[in-house]
$ cat run.txt   # compact mmCIF, C-alpha atoms
# COMPACT_ATOMS: atom_id res chain seq x y z
CA MET W 1 -75.32 175.43 86.78
CA ILE W 2 -76.84 173.87 89.89
CA GLY W 3 -76.10 175.41 93.25
CA ASN W 4 -75.97 173.70 96.62
CA GLN W 5 -79.38 174.17 98.21
CA ASN W 6 -80.18 174.46 101.88
CA ILE W 7 -82.54 175.98 104.45
CA HIS W 8 -80.88 177.71 107.38
CA GLU W 9 -82.34 178.63 110.76
CA VAL W 10 -81.25 182.24 111.04
CA ASN W 11 -82.41 185.00 113.38
CA GLU W 12 -85.49 182.98 114.40
CA THR W 13 -86.59 182.40 110.82
CA GLN W 14 -85.89 179.98 107.95
CA LEU W 15 -84.01 181.18 104.89
CA TYR W 16 -83.53 179.21 101.69
CA THR W 17 -80.07 179.53 100.13
CA GLU W 18 -78.16 178.40 97.07
CA THR W 19 -74.37 178.50 96.88
CA PHE W 20 -72.06 178.37 93.87
CA GLY W 21 -68.33 177.84 93.78
CA ASP W 22 -66.07 176.95 96.70
CA LEU W 23 -66.93 179.06 99.76
CA ALA W 24 -63.87 177.73 101.59
CA GLN W 25 -61.40 178.69 98.88
CA GLN W 26 -62.89 181.55 96.86
CA PRO W 27 -63.89 185.02 98.10
CA ALA W 28 -67.61 184.94 98.88
CA ILE W 29 -70.24 187.26 97.43
CA LEU W 30 -73.63 187.54 99.16
CA LEU W 31 -76.41 188.63 96.79
CA ILE W 32 -79.34 190.49 98.41
CA HIS W 33 -82.41 190.93 96.19
CA GLY W 34 -85.02 193.69 96.25
CA ALA W 35 -88.52 193.83 97.70
CA GLY W 36 -91.02 191.53 96.00
CA GLU W 37 -88.23 189.61 94.32
CA SER W 38 -86.66 186.24 95.15
CA LEU W 39 -83.23 184.76 94.56
CA LEU W 40 -84.29 184.21 90.94
CA ALA W 41 -83.64 187.93 90.45
CA TRP W 42 -79.96 186.95 90.21
CA GLU W 43 -79.73 184.94 87.00
CA GLU W 44 -77.59 181.81 87.01
CA GLU W 45 -75.62 182.91 83.96
CA PHE W 46 -74.73 186.14 85.76
CA ILE W 47 -73.59 184.09 88.75
CA GLU W 48 -71.62 181.76 86.46
CA ARG W 49 -69.60 184.74 85.28
CA LEU W 50 -68.76 185.69 88.86
CA VAL W 51 -67.72 182.12 89.68
CA ALA W 52 -65.63 181.93 86.51
CA GLY W 53 -63.89 185.06 87.80
CA GLY W 54 -62.80 183.26 90.94
CA ARG W 55 -65.60 184.11 93.34
CA SER W 56 -68.04 181.96 95.28
CA VAL W 57 -71.62 183.18 95.46
CA ILE W 58 -74.54 182.90 97.87
CA ARG W 59 -78.02 183.88 96.75
CA TYR W 60 -81.00 183.54 99.05
CA ASP W 61 -84.69 184.17 99.44
CA SER W 62 -85.37 186.91 101.98
CA ARG W 63 -88.30 186.61 104.36
CA ASP W 64 -91.63 186.13 102.56
CA ALA W 65 -89.79 185.39 99.30
CA GLY W 66 -89.45 182.16 97.38
CA ARG W 67 -88.93 179.15 99.61
CA SER W 68 -88.08 181.03 102.79
CA ALA W 69 -90.42 181.53 105.75
CA THR W 70 -93.59 183.48 105.05
CA TYR W 71 -95.92 185.46 107.27
CA PRO W 72 -99.59 186.51 107.18
CA VAL W 73 -100.31 188.71 104.18
CA GLY W 74 -100.49 192.33 105.24
CA ALA W 75 -98.94 191.76 108.67
CA PRO W 76 -95.18 191.18 108.39
CA PRO W 77 -93.77 190.87 111.93
CA TYR W 78 -90.32 192.12 110.95
CA GLY W 79 -88.61 195.30 109.81
CA LEU W 80 -85.63 196.30 107.72
CA ARG W 81 -83.23 195.81 110.64
CA ASP W 82 -84.36 192.17 110.86
CA LEU W 83 -83.31 191.74 107.23
CA VAL W 84 -79.93 193.19 108.19
CA ALA W 85 -79.63 190.66 111.01
CA ASP W 86 -80.65 187.91 108.57
CA ALA W 87 -77.81 188.79 106.19
CA VAL W 88 -75.26 188.75 109.01
CA GLY W 89 -76.78 185.52 110.33
CA LEU W 90 -76.24 183.86 106.98
CA LEU W 91 -72.55 184.75 107.11
CA ASP W 92 -72.45 183.04 110.50
CA ALA W 93 -74.33 180.02 109.13
CA PHE W 94 -71.73 179.59 106.39
CA GLY W 95 -68.80 180.20 108.73
CA LEU W 96 -67.73 183.35 106.89
CA GLU W 97 -65.92 186.09 108.77
CA ARG W 98 -66.53 188.52 105.92
CA ALA W 99 -68.15 188.64 102.50
CA HIS W 100 -68.57 190.95 99.55
CA LEU W 101 -72.15 192.27 99.59
CA ILE W 102 -74.13 193.07 96.46
CA GLY W 103 -77.59 194.50 97.08
CA MET W 104 -80.28 195.80 94.77
CA SER W 105 -82.91 198.39 95.84
CA GLN W 106 -84.22 197.20 99.23
CA GLY W 107 -81.31 194.75 99.25
CA ALA W 108 -78.94 197.70 98.80
CA ALA W 109 -80.53 199.36 101.84
CA VAL W 110 -79.80 196.18 103.78
CA ALA W 111 -76.21 196.21 102.49
CA GLN W 112 -75.74 199.86 103.53
CA LEU W 113 -76.83 199.03 107.08
CA VAL W 114 -74.66 195.90 107.29
CA ALA W 115 -71.69 198.01 106.22
CA LEU W 116 -72.53 200.61 108.89
CA ASP W 117 -73.52 198.38 111.79
CA HIS W 118 -71.32 195.32 111.13
CA PRO W 119 -68.28 196.74 109.33
CA ASP W 120 -66.04 193.85 110.33
CA ARG W 121 -68.25 191.45 108.32
CA VAL W 122 -68.00 193.37 105.03
CA ALA W 123 -65.12 193.04 102.58
CA THR W 124 -66.69 195.31 99.95
CA VAL W 125 -70.17 196.56 99.18
CA THR W 126 -71.88 197.03 95.81
CA LEU W 127 -75.12 199.04 95.79
CA ALA W 128 -77.43 198.84 92.77
CA SER W 129 -80.57 200.89 92.07
CA SER W 130 -80.29 202.46 95.50
CA THR W 131 -80.75 205.75 97.30
CA PRO W 132 -78.87 207.44 100.15
CA GLY W 133 -80.23 206.12 103.41
CA GLY W 134 -82.52 203.59 101.79
CA PRO W 135 -86.11 203.64 100.54
CA GLY W 136 -88.93 205.07 102.62
CA HIS W 137 -87.19 208.35 103.45
CA GLN W 138 -87.76 211.45 101.31
CA TYR W 139 -85.13 214.12 100.74
CA PRO W 140 -85.94 217.33 98.81
CA ASP W 141 -82.44 217.54 97.32
CA LEU W 142 -82.91 214.24 95.45
CA PRO W 143 -84.93 213.93 92.24
CA ASP W 144 -88.49 212.67 92.51
CA MET W 145 -89.70 209.60 90.69
CA THR W 146 -90.79 210.17 87.11
CA PRO W 147 -94.29 211.49 86.32
CA GLU W 148 -94.99 208.22 84.51
CA LEU W 149 -94.26 206.21 87.64
CA HIS W 150 -96.38 208.57 89.74
CA ALA W 151 -99.22 207.90 87.30
CA PHE W 152 -98.63 204.16 87.55
CA PHE W 153 -98.88 204.19 91.34
CA ALA W 154 -101.99 206.37 91.18
CA GLY W 155 -103.74 203.92 88.87
CA GLU W 156 -102.08 200.73 90.05
CA ALA W 157 -103.98 197.60 89.13
CA ALA W 158 -105.93 195.85 91.86
CA GLU W 159 -104.38 192.73 93.32
CA PRO W 160 -105.30 189.60 91.39
CA ASP W 161 -107.05 186.53 92.70
CA TRP W 162 -103.97 184.88 94.15
CA SER W 163 -105.44 181.43 93.46
CA ASP W 164 -105.68 182.21 89.73
CA ARG W 165 -102.21 181.35 88.41
CA ALA W 166 -102.73 182.90 84.98
CA ALA W 167 -103.94 186.15 86.52
CA VAL W 168 -100.98 186.29 88.88
CA VAL W 169 -98.55 185.62 86.01
CA GLU W 170 -100.06 188.53 84.08
CA TYR W 171 -100.05 190.79 87.14
CA LEU W 172 -96.43 190.03 88.01
CA ALA W 173 -95.14 190.36 84.45
CA GLU W 174 -96.88 193.69 83.92
CA ALA W 175 -95.70 194.99 87.30
CA ASP W 176 -92.16 195.01 85.87
CA ARG W 177 -93.04 197.21 82.91
CA PRO W 178 -93.03 200.70 84.51
CA PHE W 179 -89.67 200.06 86.19
CA THR W 180 -87.72 199.07 83.08
CA ALA W 181 -85.86 201.39 80.72
CA ALA W 182 -88.20 203.26 78.41
CA SER W 183 -85.57 203.13 75.64
CA GLN W 184 -85.70 199.33 75.50
CA PRO W 185 -88.46 197.04 74.15
CA PHE W 186 -90.43 195.25 76.84
CA ASP W 187 -90.24 191.50 76.23
CA THR W 188 -93.65 190.39 77.47
CA ALA W 189 -93.09 186.70 76.77
CA ALA W 190 -89.79 186.64 78.68
CA ARG W 191 -91.34 188.50 81.61
CA GLN W 192 -94.22 186.05 81.73
CA ALA W 193 -91.85 183.09 81.67
CA LYS W 194 -89.90 184.64 84.53
CA ALA W 195 -93.14 185.27 86.43
CA GLU W 196 -94.12 181.62 86.06
CA ARG W 197 -90.82 180.50 87.58
CA ILE W 198 -91.19 182.95 90.46
CA ILE W 199 -94.76 181.87 91.20
CA ASP W 200 -94.09 178.15 90.95
CA ARG W 201 -91.35 178.21 93.60
CA ALA W 202 -92.97 180.69 95.99
CA ASN W 203 -94.28 179.41 99.29
CA ASN W 204 -96.78 182.29 99.30
CA ILE W 205 -96.76 184.58 96.28
CA ALA W 206 -99.30 186.94 97.86
CA ALA W 207 -96.99 187.46 100.85
CA GLN W 208 -93.97 187.92 98.57
CA LEU W 209 -95.67 190.66 96.57
CA THR W 210 -97.18 192.41 99.59
CA ASN W 211 -95.28 192.14 102.86
CA PRO W 212 -91.78 193.36 101.89
CA PHE W 213 -93.27 196.68 100.77
CA MET W 214 -94.95 197.21 104.14
CA ILE W 215 -92.01 196.82 106.51
CA ASP W 216 -90.69 199.62 108.71
CA ALA W 217 -87.44 201.06 107.40
CA GLY W 218 -86.62 202.47 110.83
CA ALA W 219 -84.69 205.65 111.48
CA PRO W 220 -83.03 207.24 108.42
CA TRP W 221 -79.28 206.80 108.14
CA ARG W 222 -78.20 209.07 105.31
CA ASP W 223 -76.22 211.21 107.75
CA ARG W 224 -74.14 208.13 108.63
CA LEU W 225 -73.05 207.20 105.10
CA GLY W 226 -69.72 208.96 105.55
CA LYS W 227 -68.82 206.29 108.11
CA ILE W 228 -68.95 203.41 105.62
CA ALA W 229 -65.38 202.17 105.47
CA ALA W 230 -65.80 199.23 103.09
CA PRO W 231 -64.77 199.87 99.48
CA THR W 232 -68.01 200.72 97.70
CA LEU W 233 -69.22 200.43 94.11
CA VAL W 234 -72.49 202.13 93.15
CA LEU W 235 -74.34 200.82 90.08
CA HIS W 236 -77.28 202.83 88.78
CA GLY W 237 -79.46 202.78 85.70
CA THR W 238 -79.49 205.91 83.58
CA GLU W 239 -83.26 205.47 83.17
CA ASP W 240 -84.25 204.50 86.71
CA PRO W 241 -87.77 205.92 87.15
CA LEU W 242 -88.08 205.22 90.89
CA PHE W 243 -84.71 206.55 92.01
CA PRO W 244 -83.51 208.73 89.12
CA ILE W 245 -79.77 208.61 88.59
CA GLY W 246 -79.18 211.57 90.90
CA HIS W 247 -79.85 209.20 93.80
CA GLY W 248 -77.00 206.93 92.76
CA ARG W 249 -74.62 209.83 92.19
CA ALA W 250 -75.46 211.27 95.62
CA LEU W 251 -74.93 207.88 97.23
CA ALA W 252 -71.49 207.56 95.64
CA THR W 253 -70.59 211.10 96.69
CA GLU W 254 -71.59 210.58 100.31
CA ILE W 255 -69.70 207.30 100.82
CA PRO W 256 -65.96 207.99 101.07
CA GLY W 257 -64.03 206.76 98.05
CA ALA W 258 -67.05 205.14 96.38
CA ARG W 259 -66.85 204.43 92.67
CA PHE W 260 -69.88 205.13 90.45
CA LEU W 261 -70.86 203.17 87.34
CA ALA W 262 -73.82 204.27 85.26
CA MET W 263 -75.69 201.42 83.53
CA GLU W 264 -76.94 202.63 80.16
CA HIS W 265 -80.43 201.71 78.98
CA THR W 266 -81.27 200.40 82.46
CA GLY W 267 -84.23 201.23 84.66
CA HIS W 268 -84.89 200.25 88.27
CA GLU W 269 -83.67 196.73 87.76
CA ILE W 270 -80.73 194.40 88.22
CA ALA W 271 -78.27 194.84 85.38
CA PRO W 272 -79.79 193.54 82.13
CA ARG W 273 -77.76 191.21 79.95
CA ALA W 274 -76.55 193.98 77.70
CA GLN W 275 -74.75 195.48 80.73
CA TRP W 276 -73.21 192.28 82.05
CA ASP W 277 -69.82 192.69 80.38
CA SER W 278 -69.17 196.05 82.04
CA VAL W 279 -70.93 195.25 85.32
CA VAL W 280 -69.30 191.86 85.91
CA THR W 281 -65.89 193.27 84.99
CA ALA W 282 -66.44 196.10 87.49
CA ILE W 283 -67.61 193.73 90.25
CA LEU W 284 -64.67 191.36 89.76
CA ALA W 285 -62.23 194.26 89.89
CA HIS W 286 -64.01 195.71 92.93
CA THR W 287 -63.94 192.41 94.84
CA ALA W 288 -60.38 191.44 93.87
$ encode --input "run.txt" --output "structure tokens"
Amino acid sequence: MIGNQNIHEVNETQLYTETFGDLAQQPAILLIHGAGESLLAWEEEFIERLVAGGRSVIRYDSRDAGRSATYPVGAPPYGLRDLVADAVGLLDAFGLERAHLIGMSQGAAVAQLVALDHPDRVATVTLASSTPGGPGHQYPDLPDMTPELHAFFAGEAAEPDWSDRAAVVEYLAEADRPFTAASQPFDTAARQAKAERIIDRANNIAAQLTNPFMIDAGAPWRDRLGKIAAPTLVLHGTEDPLFPIGHGRALATEIPGARFLAMEHTGHEIAPRAQWDSVVTAILAHTA
């Protein structure tokens, strides 16, 4: 499945997009990936299922990701609110009054803020692997990351030589390991193949794997979640080590009328293939 490819001037930056289906005739879904990811995080076969269900889909590279604009490593001149403005700007670029938003992790933080600050642009919102009020804000009533992930961060591998492709492939593939479900085998070969695709289409892989983690999240907004009016679906892995499942349950509780779907055998990751039947069915019903 080949999408329509384009680069849009949005919010004083350049964003690479791919669209699938008929945006003029089918309800549009905007996919917002997480920090350090690119649009490749949303697999084409997953998108095909959404299109087969009567939706059109936009996936895009956020700033510093993939083929979008990049900035000096270690000095991103933008914050989370700029990513919010980027998402709204893309709706303008495509002539869409509203869209269904699906965000994962940092992308879910963006989606929360779009739903709060631009409610007229949001048909529904789906939040995956997220936390109330977004990452970067700590709340004592929510469960801490797992001890294993604490240990990973404490002994995190040094950055590779970014000019050494093989080293970067290894670094990127292994960076996924601590975030996946412990109950599932880690497919090293598949992760390396994915890493190769990510690296080969990145304008600046060092910026992609550095800058998005450094941006300012701005003021916390957990106390505003009760004002989200868009129908909301919360997807969360039962084995998420970064935001244990209590984060997802709290998020669903604090957004009026939100529905919660636990993804079995899933860590801090976009729904794995084994969950696609239930997840796609839920998304199609949610965006009907």
$ closest_atom_pairs --input "run.txt" --of "range 54-140 of chain W" --to "range 245-265 of chain W" --cutoff "8 Å" --atoms "only C-alpha atoms" --output "JSON lines"
{"residue": "W:Ser129", "atom": "CA", "partner": "W:Gly248", "partner_atom": "CA", "distance": 7.1}
{"residue": "W:Ser130", "atom": "CA", "partner": "W:Gly248", "partner_atom": "CA", "distance": 6.2}
{"residue": "W:Thr131", "atom": "CA", "partner": "W:His247", "partner_atom": "CA", "distance": 5.0}
{"residue": "W:Pro132", "atom": "CA", "partner": "W:Leu251", "partner_atom": "CA", "distance": 4.9}
$ closest_atom_pairs --input "run.txt" --of "range 225-270 of chain W" --to "range 90-108 of chain W" --cutoff "10 Å" --atoms "all atoms listed in the file" --output "tab-separated table"
residue	atom	partner	partner_atom	distance
W:Ala230	CA	W:His100	CA	9.4
W:Pro231	CA	W:His100	CA	9.7
W:Thr232	CA	W:Leu101	CA	9.6
W:Leu233	CA	W:Ile102	CA	9.2
W:Val234	CA	W:Ala108	CA	9.7
W:Leu235	CA	W:Met104	CA	9.1
W:His236	CA	W:Met104	CA	9.7
W:Leu242	CA	W:Ser105	CA	9.9
W:Phe243	CA	W:Ser105	CA	9.2
W:His268	CA	W:Ser105	CA	8.0
W:Glu269	CA	W:Met104	CA	7.8
W:Ile270	CA	W:Met104	CA	6.7
$ closest_residue --input "run.txt" --among "W:Thr126, W:Thr70, W:Asn6, W:Asn211" --to "Ala282 in chain W" --atoms "all atoms listed in the file"
W:Thr126
$ atom_distance --input "run.txt" --atom1 "CA of Thr238 in chain W" --atom2 "CA of Arg273 in chain W"
15.2 Å
$ closest_residue --input "run.txt" --among "W:Gly89, W:Leu40, W:Arg222, W:Arg59" --to "Glu196 in chain W" --atoms "all atoms listed in the file"
W:Leu40
$ closest_residue --input "run.txt" --among "W:Ala271, W:Ala111, W:Leu30, W:Leu142" --to "Ile58 in chain W" --atoms "only C-alpha atoms"
W:Leu30
$ closest_residue --input "run.txt" --among "W:Thr180, W:Ser56, W:Thr124, W:Ser62" --to "Ala35 in chain W" --atoms "only C-alpha atoms"
W:Ser62
$ residues_around --input "run.txt" --residues "Ala65 in chain W" --least-positions-apart "4" --cutoff "6 Å" --atoms "only C-alpha atoms" --output "number ranges by chain"
W: 38, 61, 208
$ atom_distance --input "run.txt" --atom1 "CA of Pro178 in chain W" --atom2 "CA of Leu149 in chain W"
6.5 Å
$ residues_around --input "run.txt" --residues "range 152-168 of chain W" --least-positions-apart "5" --cutoff "8 Å" --atoms "all atoms listed in the file" --output "list in words"
Pro178, Ile199, Ile205 and Ala206 of chain W
$ closest_residue --input "run.txt" --among "W:Gln275, W:Ser68, W:Thr210, W:Thr146" --to "Ala182 in chain W" --atoms "all atoms listed in the file"
W:Thr146
$ closest_residue --input "run.txt" --among "W:Ala24, W:Val51, W:Ala190, W:Leu209" --to "Leu172 in chain W" --atoms "all atoms listed in the file"
W:Leu209
